[in-house]
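K.L.:
my_file-v7.tsv is reproduced in full below (TSV, C-alpha atoms and all ligand atoms).
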```
chain	number	residue	atom	x	y	z
A	1385	MET	CA	53.11	2.84	-2.44
A	1386	ILE	CA	51.96	-0.68	-3.42
A	1387	GLU	CA	49.86	-3.00	-1.30
A	1388	LEU	CA	48.80	-6.53	-2.12
A	1389	ILE	CA	46.43	-8.14	0.34
A	1390	ASN	CA	45.81	-11.89	0.05
A	1391	VAL	CA	46.18	-11.74	-3.72
A	1392	ALA	CA	45.75	-14.67	-6.08
A	1393	LEU	CA	45.47	-14.56	-9.86
A	1394	ASP	CA	43.94	-17.04	-12.30
A	1395	ARG	CA	44.55	-16.90	-16.03
A	1396	ARG	CA	42.27	-19.01	-18.21
A	1397	GLY	CA	41.11	-20.93	-15.16
A	1398	ARG	CA	44.62	-21.75	-13.97
A	1399	ARG	CA	46.11	-20.28	-10.81
A	1400	VAL	CA	49.29	-18.48	-11.82
A	1401	LEU	CA	49.92	-16.43	-8.64
A	1402	SER	CA	48.87	-17.10	-5.08
A	1403	GLY	CA	49.45	-16.14	-1.47
A	1404	LEU	CA	50.67	-12.60	-2.09
A	1405	ASP	CA	50.65	-10.33	0.94
A	1406	LEU	CA	53.05	-7.48	0.37
A	1407	THR	CA	53.69	-3.83	1.04
A	1408	LEU	CA	56.25	-2.30	-1.29
A	1409	THR	CA	57.70	1.09	-0.38
A	1410	GLU	CA	61.30	0.90	-1.59
A	1411	ARG	CA	62.52	2.99	-4.50
A	1412	ARG	CA	64.04	0.18	-6.56
A	1413	ILE	CA	62.40	-3.22	-6.49
A	1414	GLY	CA	63.55	-6.09	-8.69
A	1415	ILE	CA	61.56	-9.13	-9.76
A	1416	VAL	CA	63.30	-12.33	-10.83
A	1417	GLY	CA	62.28	-15.93	-11.46
A	1418	ALA	CA	62.18	-18.66	-14.06
A	1419	ASN	CA	60.21	-18.38	-17.30
A	1420	GLY	CA	56.53	-18.76	-16.53
A	1421	SER	CA	56.96	-18.21	-12.79
A	1422	GLY	CA	54.49	-15.29	-12.82
A	1423	LYS	CA	56.68	-12.17	-13.01
A	1424	SER	CA	54.85	-10.47	-15.89
A	1425	SER	CA	51.50	-11.38	-14.36
A	1426	PHE	CA	52.62	-9.79	-11.09
A	1427	ALA	CA	53.77	-6.64	-12.92
A	1428	ARG	CA	50.44	-6.40	-14.72
A	1429	LEU	CA	48.54	-6.56	-11.44
A	1430	LEU	CA	50.25	-3.36	-10.37
A	1431	ASN	CA	48.65	-1.09	-12.96
A	1432	GLY	CA	45.32	-2.85	-13.20
A	1433	LEU	CA	46.04	-4.49	-16.57
A	1434	LEU	CA	45.16	-7.72	-14.75
A	1435	LYS	CA	42.65	-7.81	-11.91
A	1436	PRO	CA	43.29	-10.05	-8.92
A	1437	SER	CA	41.02	-13.11	-8.82
A	1438	GLU	CA	41.20	-12.91	-5.03
A	1439	GLY	CA	42.32	-10.13	-2.73
A	1440	THR	CA	43.12	-6.48	-3.28
A	1441	VAL	CA	45.84	-4.52	-5.06
A	1442	ARG	CA	46.31	-0.84	-4.19
A	1443	VAL	CA	48.73	1.62	-5.75
A	1444	PHE	CA	49.14	4.91	-3.89
A	1445	GLY	CA	45.91	4.05	-2.09
A	1446	THR	CA	43.95	3.41	-5.31
A	1447	ASP	CA	42.26	0.03	-5.62
A	1448	THR	CA	43.07	-1.21	-9.14
A	1449	VAL	CA	39.64	-2.84	-9.50
A	1450	ALA	CA	37.60	0.06	-8.11
A	1451	ASP	CA	39.41	2.73	-10.14
A	1452	PRO	CA	41.52	1.23	-12.94
A	1453	LYS	CA	41.83	4.55	-14.74
A	1454	ALA	CA	43.47	6.25	-11.76
A	1455	ALA	CA	45.69	3.22	-11.21
A	1456	ARG	CA	46.94	3.39	-14.80
A	1457	ARG	CA	47.67	7.07	-14.39
A	1458	HIS	CA	49.81	6.40	-11.33
A	1459	VAL	CA	51.75	3.58	-12.93
A	1460	GLY	CA	53.77	3.84	-16.13
A	1461	PHE	CA	53.97	0.31	-17.50
A	1462	LEU	CA	56.58	-0.82	-20.02
A	1463	PHE	CA	55.71	-4.00	-21.92
A	1464	GLN	CA	58.31	-6.63	-22.77
A	1465	ASN	CA	57.61	-6.00	-26.44
A	1466	PRO	CA	57.76	-2.31	-27.46
A	1467	ASP	CA	55.44	-2.99	-30.40
A	1468	HIS	CA	52.63	-3.47	-27.87
A	1469	GLN	CA	53.19	0.05	-26.68
A	1470	ILE	CA	53.90	2.24	-29.66
A	1471	VAL	CA	50.84	3.32	-31.63
A	1472	TYR	CA	51.85	6.30	-33.78
A	1473	PRO	CA	54.01	6.27	-36.91
A	1474	THR	CA	56.62	8.81	-35.85
A	1475	VAL	CA	58.54	8.97	-32.61
A	1476	ALA	CA	57.42	12.51	-31.71
A	1477	GLU	CA	53.76	11.77	-32.46
A	1478	ASP	CA	53.95	8.70	-30.29
A	1479	LEU	CA	55.39	10.61	-27.34
A	1480	ALA	CA	52.85	13.42	-27.82
A	1481	PHE	CA	49.90	11.02	-27.85
A	1482	GLY	CA	49.55	10.53	-24.09
A	1483	LEU	CA	50.10	14.23	-23.41
A	1484	LYS	CA	47.33	15.16	-25.87
A	1485	ASN	CA	45.03	12.81	-23.98
A	1486	ARG	CA	45.83	14.83	-20.89
A	1487	GLU	CA	44.72	17.92	-22.78
A	1488	LEU	CA	48.04	19.73	-22.73
A	1489	SER	CA	48.48	22.46	-25.35
A	1490	LYS	CA	50.81	22.09	-28.34
A	1491	GLY	CA	53.10	24.70	-26.78
A	1492	GLU	CA	53.45	22.56	-23.66
A	1493	ILE	CA	53.76	19.24	-25.47
A	1494	ALA	CA	56.59	19.98	-27.93
A	1495	PRO	CA	59.25	21.00	-25.36
A	1496	ARG	CA	58.32	18.11	-23.06
A	1497	VAL	CA	58.67	15.61	-25.93
A	1498	GLU	CA	62.00	17.12	-27.00
A	1499	ALA	CA	63.39	17.10	-23.45
A	1500	THR	CA	62.42	13.46	-22.98
A	1501	LEU	CA	63.98	12.43	-26.30
A	1502	THR	CA	67.19	14.20	-25.32
A	1503	ARG	CA	67.20	12.46	-21.94
A	1504	PHE	CA	67.14	9.09	-23.75
A	1505	GLY	CA	69.82	10.03	-26.26
A	1506	LEU	CA	67.12	10.18	-28.95
A	1507	SER	CA	67.33	13.84	-29.95
A	1508	GLY	CA	66.91	14.05	-33.71
A	1509	PHE	CA	64.67	10.95	-33.67
A	1510	GLY	CA	61.39	12.92	-33.46
A	1511	GLU	CA	60.50	12.64	-37.15
A	1512	ARG	CA	61.84	9.09	-37.60
A	1513	LEU	CA	59.33	6.36	-38.44
A	1514	VAL	CA	59.01	3.97	-35.54
A	1515	HIS	CA	58.79	0.87	-37.75
A	1516	GLU	CA	62.16	1.74	-39.27
A	1517	LEU	CA	63.95	1.81	-35.93
A	1518	SER	CA	65.95	-1.07	-34.53
A	1519	GLY	CA	64.39	-3.19	-31.79
A	1520	GLY	CA	66.54	-1.51	-29.15
A	1521	GLU	CA	65.68	1.97	-30.41
A	1522	ARG	CA	61.99	1.05	-30.30
A	1523	GLN	CA	62.41	-0.12	-26.71
A	1524	LEU	CA	63.94	3.24	-25.79
A	1525	VAL	CA	61.09	5.08	-27.54
A	1526	ALA	CA	58.53	2.99	-25.65
A	1527	LEU	CA	60.21	3.85	-22.35
A	1528	ALA	CA	60.45	7.52	-23.31
A	1529	GLY	CA	56.70	7.39	-24.10
A	1530	ILE	CA	56.03	6.39	-20.51
A	1531	MET	CA	58.48	8.76	-18.88
A	1532	VAL	CA	57.08	11.75	-20.76
A	1533	LEU	CA	53.81	11.24	-18.84
A	1534	GLU	CA	55.65	11.49	-15.51
A	1535	PRO	CA	53.87	8.66	-13.72
A	1536	ARG	CA	54.40	8.29	-9.97
A	1537	LEU	CA	55.73	4.75	-10.32
A	1538	LEU	CA	57.45	2.87	-13.16
A	1539	VAL	CA	56.79	-0.81	-13.76
A	1540	LEU	CA	59.21	-2.18	-16.32
A	1541	ASP	CA	58.82	-5.68	-17.72
A	1542	GLU	CA	62.25	-6.74	-19.00
A	1543	PRO	CA	63.16	-3.28	-20.28
A	1544	THR	CA	66.66	-4.18	-21.46
A	1545	THR	CA	66.19	-7.51	-23.24
A	1546	LEU	CA	66.56	-5.95	-26.69
A	1547	LEU	CA	69.26	-3.49	-25.75
A	1548	ASP	CA	73.01	-3.45	-26.29
A	1549	LEU	CA	75.33	-2.48	-23.45
A	1550	ARG	CA	75.27	1.25	-24.18
A	1551	ASN	CA	71.49	1.43	-24.36
A	1552	THR	CA	71.11	-0.76	-21.27
A	1553	ARG	CA	73.26	1.77	-19.43
A	1554	ARG	CA	71.18	4.61	-20.90
A	1555	VAL	CA	67.92	3.03	-19.73
A	1556	MET	CA	69.26	2.39	-16.25
A	1557	GLU	CA	70.58	5.96	-16.04
A	1558	ALA	CA	67.22	7.35	-17.20
A	1559	VAL	CA	65.42	5.23	-14.61
A	1560	GLU	CA	67.81	6.49	-11.95
A	1561	ALA	CA	67.45	10.11	-13.06
A	1562	ALA	CA	63.66	9.83	-13.06
A	1563	GLU	CA	63.79	9.95	-9.25
A	1564	ARG	CA	60.66	7.90	-8.87
A	1565	PRO	CA	60.11	4.38	-7.67
A	1566	VAL	CA	60.62	1.55	-10.10
A	1567	VAL	CA	59.56	-2.10	-10.12
A	1568	MET	CA	61.62	-3.96	-12.69
A	1569	VAL	CA	61.26	-7.52	-13.99
A	1570	THR	CA	64.52	-8.74	-15.44
A	1571	HIS	CA	66.62	-11.78	-16.26
A	1572	ASP	CA	69.75	-9.59	-16.14
A	1573	LEU	CA	70.72	-10.08	-12.51
A	1574	SER	CA	73.63	-7.66	-12.73
A	1575	LEU	CA	71.13	-4.77	-13.04
A	1576	LEU	CA	69.70	-5.52	-9.62
A	1577	GLU	CA	72.85	-5.43	-7.53
A	1578	ARG	CA	72.19	-1.91	-6.28
A	1579	PHE	CA	68.43	-2.32	-5.91
A	1580	ASP	CA	66.79	-1.99	-2.49
A	1581	ARG	CA	64.70	-5.15	-2.55
A	1582	VAL	CA	64.36	-8.19	-4.82
A	1583	LEU	CA	61.39	-10.56	-5.03
A	1584	VAL	CA	62.00	-14.08	-6.33
A	1585	PHE	CA	59.07	-15.93	-7.90
A	1586	GLU	CA	58.88	-19.66	-8.43
A	1587	ALA	CA	55.83	-21.40	-9.88
A	1588	GLY	CA	53.47	-18.56	-8.98
A	1589	ARG	CA	54.68	-18.08	-5.42
A	1590	LEU	CA	56.93	-15.52	-3.82
A	1591	VAL	CA	59.74	-17.68	-2.47
A	1592	CYS	CA	62.21	-15.01	-1.39
A	1593	ASP	CA	61.86	-11.33	-0.54
A	1594	ALA	CA	65.17	-9.86	0.51
A	1595	ALA	CA	68.10	-7.58	-0.27
A	1596	PRO	CA	69.71	-8.31	-3.67
A	1597	SER	CA	72.64	-10.41	-2.43
A	1598	GLU	CA	70.41	-12.85	-0.54
A	1599	ALA	CA	67.61	-12.89	-3.12
A	1600	LEU	CA	69.91	-13.45	-6.08
A	1601	ALA	CA	71.78	-16.22	-4.24
A	1602	THR	CA	68.42	-17.90	-3.54
A	1603	TYR	CA	67.38	-17.57	-7.17
A	1604	ARG	CA	70.68	-19.03	-8.39
A	1605	ARG	CA	70.28	-21.93	-5.97
A	1606	ILE	CA	66.74	-22.64	-7.21
A	1607	ALA	CA	67.85	-22.40	-10.84
A	1608	ALA	CA	70.67	-24.88	-10.24
A	1609	GLN	CA	68.28	-27.57	-8.93
A	1701	LIG	N1	47.32	-14.62	-21.62
A	1701	LIG	C1	47.49	-15.71	-20.86
A	1701	LIG	N2	46.52	-16.63	-20.74
A	1701	LIG	C2	46.67	-17.72	-19.99
A	1701	LIG	N3	47.77	-18.02	-19.30
A	1701	LIG	C3	48.80	-17.14	-19.38
A	1701	LIG	C4	48.71	-15.95	-20.17
A	1701	LIG	N4	49.88	-15.30	-20.06
A	1701	LIG	C5	50.66	-16.03	-19.25
A	1701	LIG	N5	50.02	-17.13	-18.84
A	1701	LIG	C6	50.54	-18.19	-17.96
A	1701	LIG	O1	50.76	-17.63	-16.68
A	1701	LIG	C7	51.94	-18.17	-16.11
A	1701	LIG	C8	52.85	-17.03	-15.71
A	1701	LIG	O2	53.24	-16.32	-16.89
A	1701	LIG	P1	54.05	-14.96	-16.83
A	1701	LIG	O3	54.08	-14.41	-18.22
A	1701	LIG	O4	53.51	-14.13	-15.73
A	1701	LIG	O5	55.49	-15.52	-16.42
A	1701	LIG	P2	56.92	-14.82	-16.44
A	1701	LIG	O6	57.57	-15.21	-15.15
A	1701	LIG	O7	56.79	-13.37	-16.73
A	1701	LIG	O8	57.65	-15.56	-17.64
A	1701	LIG	P3	58.82	-15.10	-18.66
A	1701	LIG	O9	60.08	-14.99	-17.87
A	1701	LIG	O10	58.86	-16.23	-19.63
A	1701	LIG	O11	58.39	-13.78	-19.30
A	1701	LIG	C9	52.57	-19.09	-17.16
A	1701	LIG	O12	52.23	-20.41	-16.83
A	1701	LIG	C10	51.90	-18.66	-18.45
A	1701	LIG	O13	51.76	-19.77	-19.34
```
Could you show the structure in this file as structure tokens?

P.N.:
Amino acid sequence: MIELINVALDRRGRRVLSGLDLTLTERRIGIVGANGSGKSSFARLLNGLLKPSEGTVRVFGTDTVADPKAARRHVGFLFQNPDHQIVYPTVAEDLAFGLKNRELSKGEIAPRVEATLTRFGLSGFGERLVHELSGGERQLVALAGIMVLEPRLLVLDEPTTLLDLRNTRRVMEAVEAAERPVVMVTHDLSLLERFDRVLVFEAGRLVCDAAPSEALATYRRIAAQ
């Protein structure tokens, strides 16, 4: 599903990730680590938003440098800040945007948008103005905007930071129901307890790659130092 071969990443001339050799095949993969440890940078490598400075990143066999367009199609990426994601004034227009780009007809788009809104508990939100929604509602709309495109893999960068408990549950249920692999960066360790694999980053390096119980214990130990 995801392969990183000898990957390093520089941002503005500074090495922010190094020594990454990984094959990720599990359905639910969590990413944790301190602020600035490289989690978002890692997530952005997976859909070609950032290109490796050294090495190769492949998603479903597609090299993100050789074919960034195909890589982006495979990977639905949710930004930390929903305002970086939402481009259209109303919720329904925003969800329809990506589908129009894929040249679906109006008759195909409307029911798909409605079904996705319902799945996220947002039915009735279609005509609402995005800028009038709460931060949490905007986060849900941004996630719905990705899910509606049915990507093969979801990469979520702190998807629940703005959300209350009910909406956090809703997001996690939607991710579960999507029946597709997810890579999720989060500071909410409780969300990862039932994940298959957790990667712990520290200062740009992968310092633990294990099942949740071991990985989270390692992360807590590092954080306590
Ligand atoms: N646009 C950028 N230009 C230059 N350096 C950047 C840029 N974005 C992030 N960095 C640097 O890269 C390093 C890793 O940042 P990154 O955002 O990947 O960390 P993170 O683990 O996701 O942090 P957080 O938990 O705070 O979101 C940090 O030192 C950060 O200052």

K.L.:
Please build the interface table for chain A against ligand LIG 1701 (chain A) with a cut-off of 7 Å, listing for each qualifying residue the nearest atom pair and the distance in Å to one decimal; count only C-alpha atoms and all ligand atoms, order rows by chain and increasing number, and write it as CSV.

P.N.:
```
residue,atom,partner,partner_atom,distance
A:Arg1395,CA,A:LIG1701,C2,4.6
A:Arg1396,CA,A:LIG1701,C2,4.9
A:Val1400,CA,A:LIG1701,C7,5.1
A:Gly1417,CA,A:LIG1701,O6,6.0
A:Ala1418,CA,A:LIG1701,O9,5.7
A:Asn1419,CA,A:LIG1701,O9,3.4
A:Gly1420,CA,A:LIG1701,O5,3.4
A:Ser1421,CA,A:LIG1701,O6,3.9
A:Gly1422,CA,A:LIG1701,O4,3.3
A:Lys1423,CA,A:LIG1701,O6,3.8
A:Ser1424,CA,A:LIG1701,O7,3.6
A:Ser1425,CA,A:LIG1701,O4,3.7
A:Phe1426,CA,A:LIG1701,O4,6.4
A:Gly1588,CA,A:LIG1701,C8,6.9
```

K.L.:
Return the single residue from A:Leu1537, A:Ile1386, A:Leu1434, A:Ile1606 that is closest to Val1591 (chain A), with distances computed using all atoms listed in the file.

P.N.:
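Ranked by minimum distance to Val1591 (chain A), first place goes to A:Ile1606.
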
K.L.:
In the coordinates of the file, take the point (72.9, -2.8, -8.6) and a cut-off of 12 Å; then, counting only C-alpha atoms, name each qualifying protein, DNA or RNA residue as a list in words.

P.N.:
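Returned residue set, sorted by chain then number, is Arg1412, Ile1413, Gly1414, Arg1553, Met1556, Glu1557, Glu1560, Asp1572, Leu1573, Ser1574, Leu1575, Leu1576, Glu1577, Arg1578, Phe1579, Asp1580, Arg1581, Val1582, Ala1595, Pro1596, Ser1597 and Leu1600 of chain A.
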
K.L.:
Could you take the residues named above and write them with C-alpha atoms, as a PDB file, in the frame of the given file?

P.N.:
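As a result, part-v5.pdb now contains:
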```
ATOM      1  CA  ARG A1412      64.040   0.180  -6.560  1.00  0.00           C
ATOM      2  CA  ILE A1413      62.400  -3.220  -6.490  1.00  0.00           C
ATOM      3  CA  GLY A1414      63.550  -6.090  -8.690  1.00  0.00           C
ATOM      4  CA  ARG A1553      73.260   1.770 -19.430  1.00  0.00           C
ATOM      5  CA  MET A1556      69.260   2.390 -16.250  1.00  0.00           C
ATOM      6  CA  GLU A1557      70.580   5.960 -16.040  1.00  0.00           C
ATOM      7  CA  GLU A1560      67.810   6.490 -11.950  1.00  0.00           C
ATOM      8  CA  ASP A1572      69.750  -9.590 -16.140  1.00  0.00           C
ATOM      9  CA  LEU A1573      70.720 -10.080 -12.510  1.00  0.00           C
ATOM     10  CA  SER A1574      73.630  -7.660 -12.730  1.00  0.00           C
ATOM     11  CA  LEU A1575      71.130  -4.770 -13.040  1.00  0.00           C
ATOM     12  CA  LEU A1576      69.700  -5.520  -9.620  1.00  0.00           C
ATOM     13  CA  GLU A1577      72.850  -5.430  -7.530  1.00  0.00           C
ATOM     14  CA  ARG A1578      72.190  -1.910  -6.280  1.00  0.00           C
ATOM     15  CA  PHE A1579      68.430  -2.320  -5.910  1.00  0.00           C
ATOM     16  CA  ASP A1580      66.790  -1.990  -2.490  1.00  0.00           C
ATOM     17  CA  ARG A1581      64.700  -5.150  -2.550  1.00  0.00           C
ATOM     18  CA  VAL A1582      64.360  -8.190  -4.820  1.00  0.00           C
ATOM     19  CA  ALA A1595      68.100  -7.580  -0.270  1.00  0.00           C
ATOM     20  CA  PRO A1596      69.710  -8.310  -3.670  1.00  0.00           C
ATOM     21  CA  SER A1597      72.640 -10.410  -2.430  1.00  0.00           C
ATOM     22  CA  LEU A1600      69.910 -13.450  -6.080  1.00  0.00           C
TER      23      LEU A1600
END
```

K.L.:
Would you be able to write out as a CSV table (one decimal) with C-alpha atoms, keeping the file's coordinate frame which residues have an atom within 6 Å of (53.1, 6.8, -11.3) in the file's coordinates, counting only C-alpha atoms?

P.N.:
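Output saved as part37.csv:
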```csv
chain,number,residue,atom,x,y,z
A,1458,HIS,CA,49.8,6.4,-11.3
A,1459,VAL,CA,51.8,3.6,-12.9
A,1460,GLY,CA,53.8,3.8,-16.1
A,1535,PRO,CA,53.9,8.7,-13.7
A,1536,ARG,CA,54.4,8.3,-10.0
A,1537,LEU,CA,55.7,4.8,-10.3
```

K.L.:
Go ahead and compute the interatomic distance for CA of Thr1570 (chain A) and CA of Arg1503 (chain A), in Å to one decimal.

P.N.:
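CA of Arg1503 (chain A) lies 22.3 Å from CA of Thr1570 (chain A).
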
K.L.:
With all atoms listed in the file as the atoms that count, which of A:Ala1494, A:Ala1450, A:Leu1408, A:Val1416 lies nearest to Ala1601 (chain A)?

P.N.:
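Once distances to Ala1601 (chain A) are computed over all atoms listed in the file, the minimum belongs to A:Val1416.
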
K.L.:
CA of Val1443 (chain A) to CA of Met1385 (chain A): how many Å, to one decimal?

P.N.:
5.6 Å

K.L.:
Select, from A:Thr1545, A:Asn1465, A:Glu1586, A:Leu1429, the residue with the minimum atom-to-atom distance to Val1449 (chain A), counting all atoms listed in the file.

P.N.:
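The closest residue to Val1449 (chain A) is A:Leu1429.
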
K.L.:
Can you check which parts of region 1465-1548 of chain A lie within 7 Å of region 1564-1569 of chain A? Per residue, the shortest pair of atoms and distance in Å to one decimal, counting all atoms listed in the file, sorted by chain and number, as JSON lines.

P.N.:
```
{"residue": "A:Arg1536", "atom": "CA", "partner": "A:Arg1564", "partner_atom": "CA", "distance": 6.4}
{"residue": "A:Leu1537", "atom": "CA", "partner": "A:Pro1565", "partner_atom": "CA", "distance": 5.1}
{"residue": "A:Leu1538", "atom": "CA", "partner": "A:Val1566", "partner_atom": "CA", "distance": 4.6}
{"residue": "A:Val1539", "atom": "CA", "partner": "A:Val1567", "partner_atom": "CA", "distance": 4.8}
{"residue": "A:Leu1540", "atom": "CA", "partner": "A:Met1568", "partner_atom": "CA", "distance": 4.7}
{"residue": "A:Asp1541", "atom": "CA", "partner": "A:Val1569", "partner_atom": "CA", "distance": 4.8}
{"residue": "A:Glu1542", "atom": "CA", "partner": "A:Val1569", "partner_atom": "CA", "distance": 5.2}
```

K.L.:
My list of candidates is A:Leu1404, A:Leu1393, A:Leu1533, A:Leu1430. Which is closest to Leu1488 (chain A) when distances are computed with only C-alpha atoms?

P.N.:
A:Leu1533

K.L.:
Distance CA of Asp1405 (chain A)-CA of Ser1437 (chain A), one decimal place?

P.N.:
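It comes out at 14.0 Å.
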
K.L.:
Of the residues A:Ala1562, A:Leu1506, A:Ala1480, A:Ala1608, which is the one nearest to Arg1411 (chain A), using all atoms listed in the file?

P.N.:
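Closest to Arg1411 (chain A) of all the choices is A:Ala1562.
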
K.L.:
Counting only C-alpha atoms, figure out which residue out of A:Glu1387, A:Leu1462, A:Arg1589, A:Ala1454 gets nearest to Gly1403 (chain A).

P.N.:
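Using only C-alpha atoms, Gly1403 (chain A) sits closest to A:Arg1589.
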
K.L.:
Using all atoms listed in the file, determine which residues lie at most 9 Å from Gly1520 (chain A), disregarding the query and same-chain residues fewer than 6 positions distant; provide the list as number ranges by chain.

P.N.:
A: 1466, 1544-1548, 1551
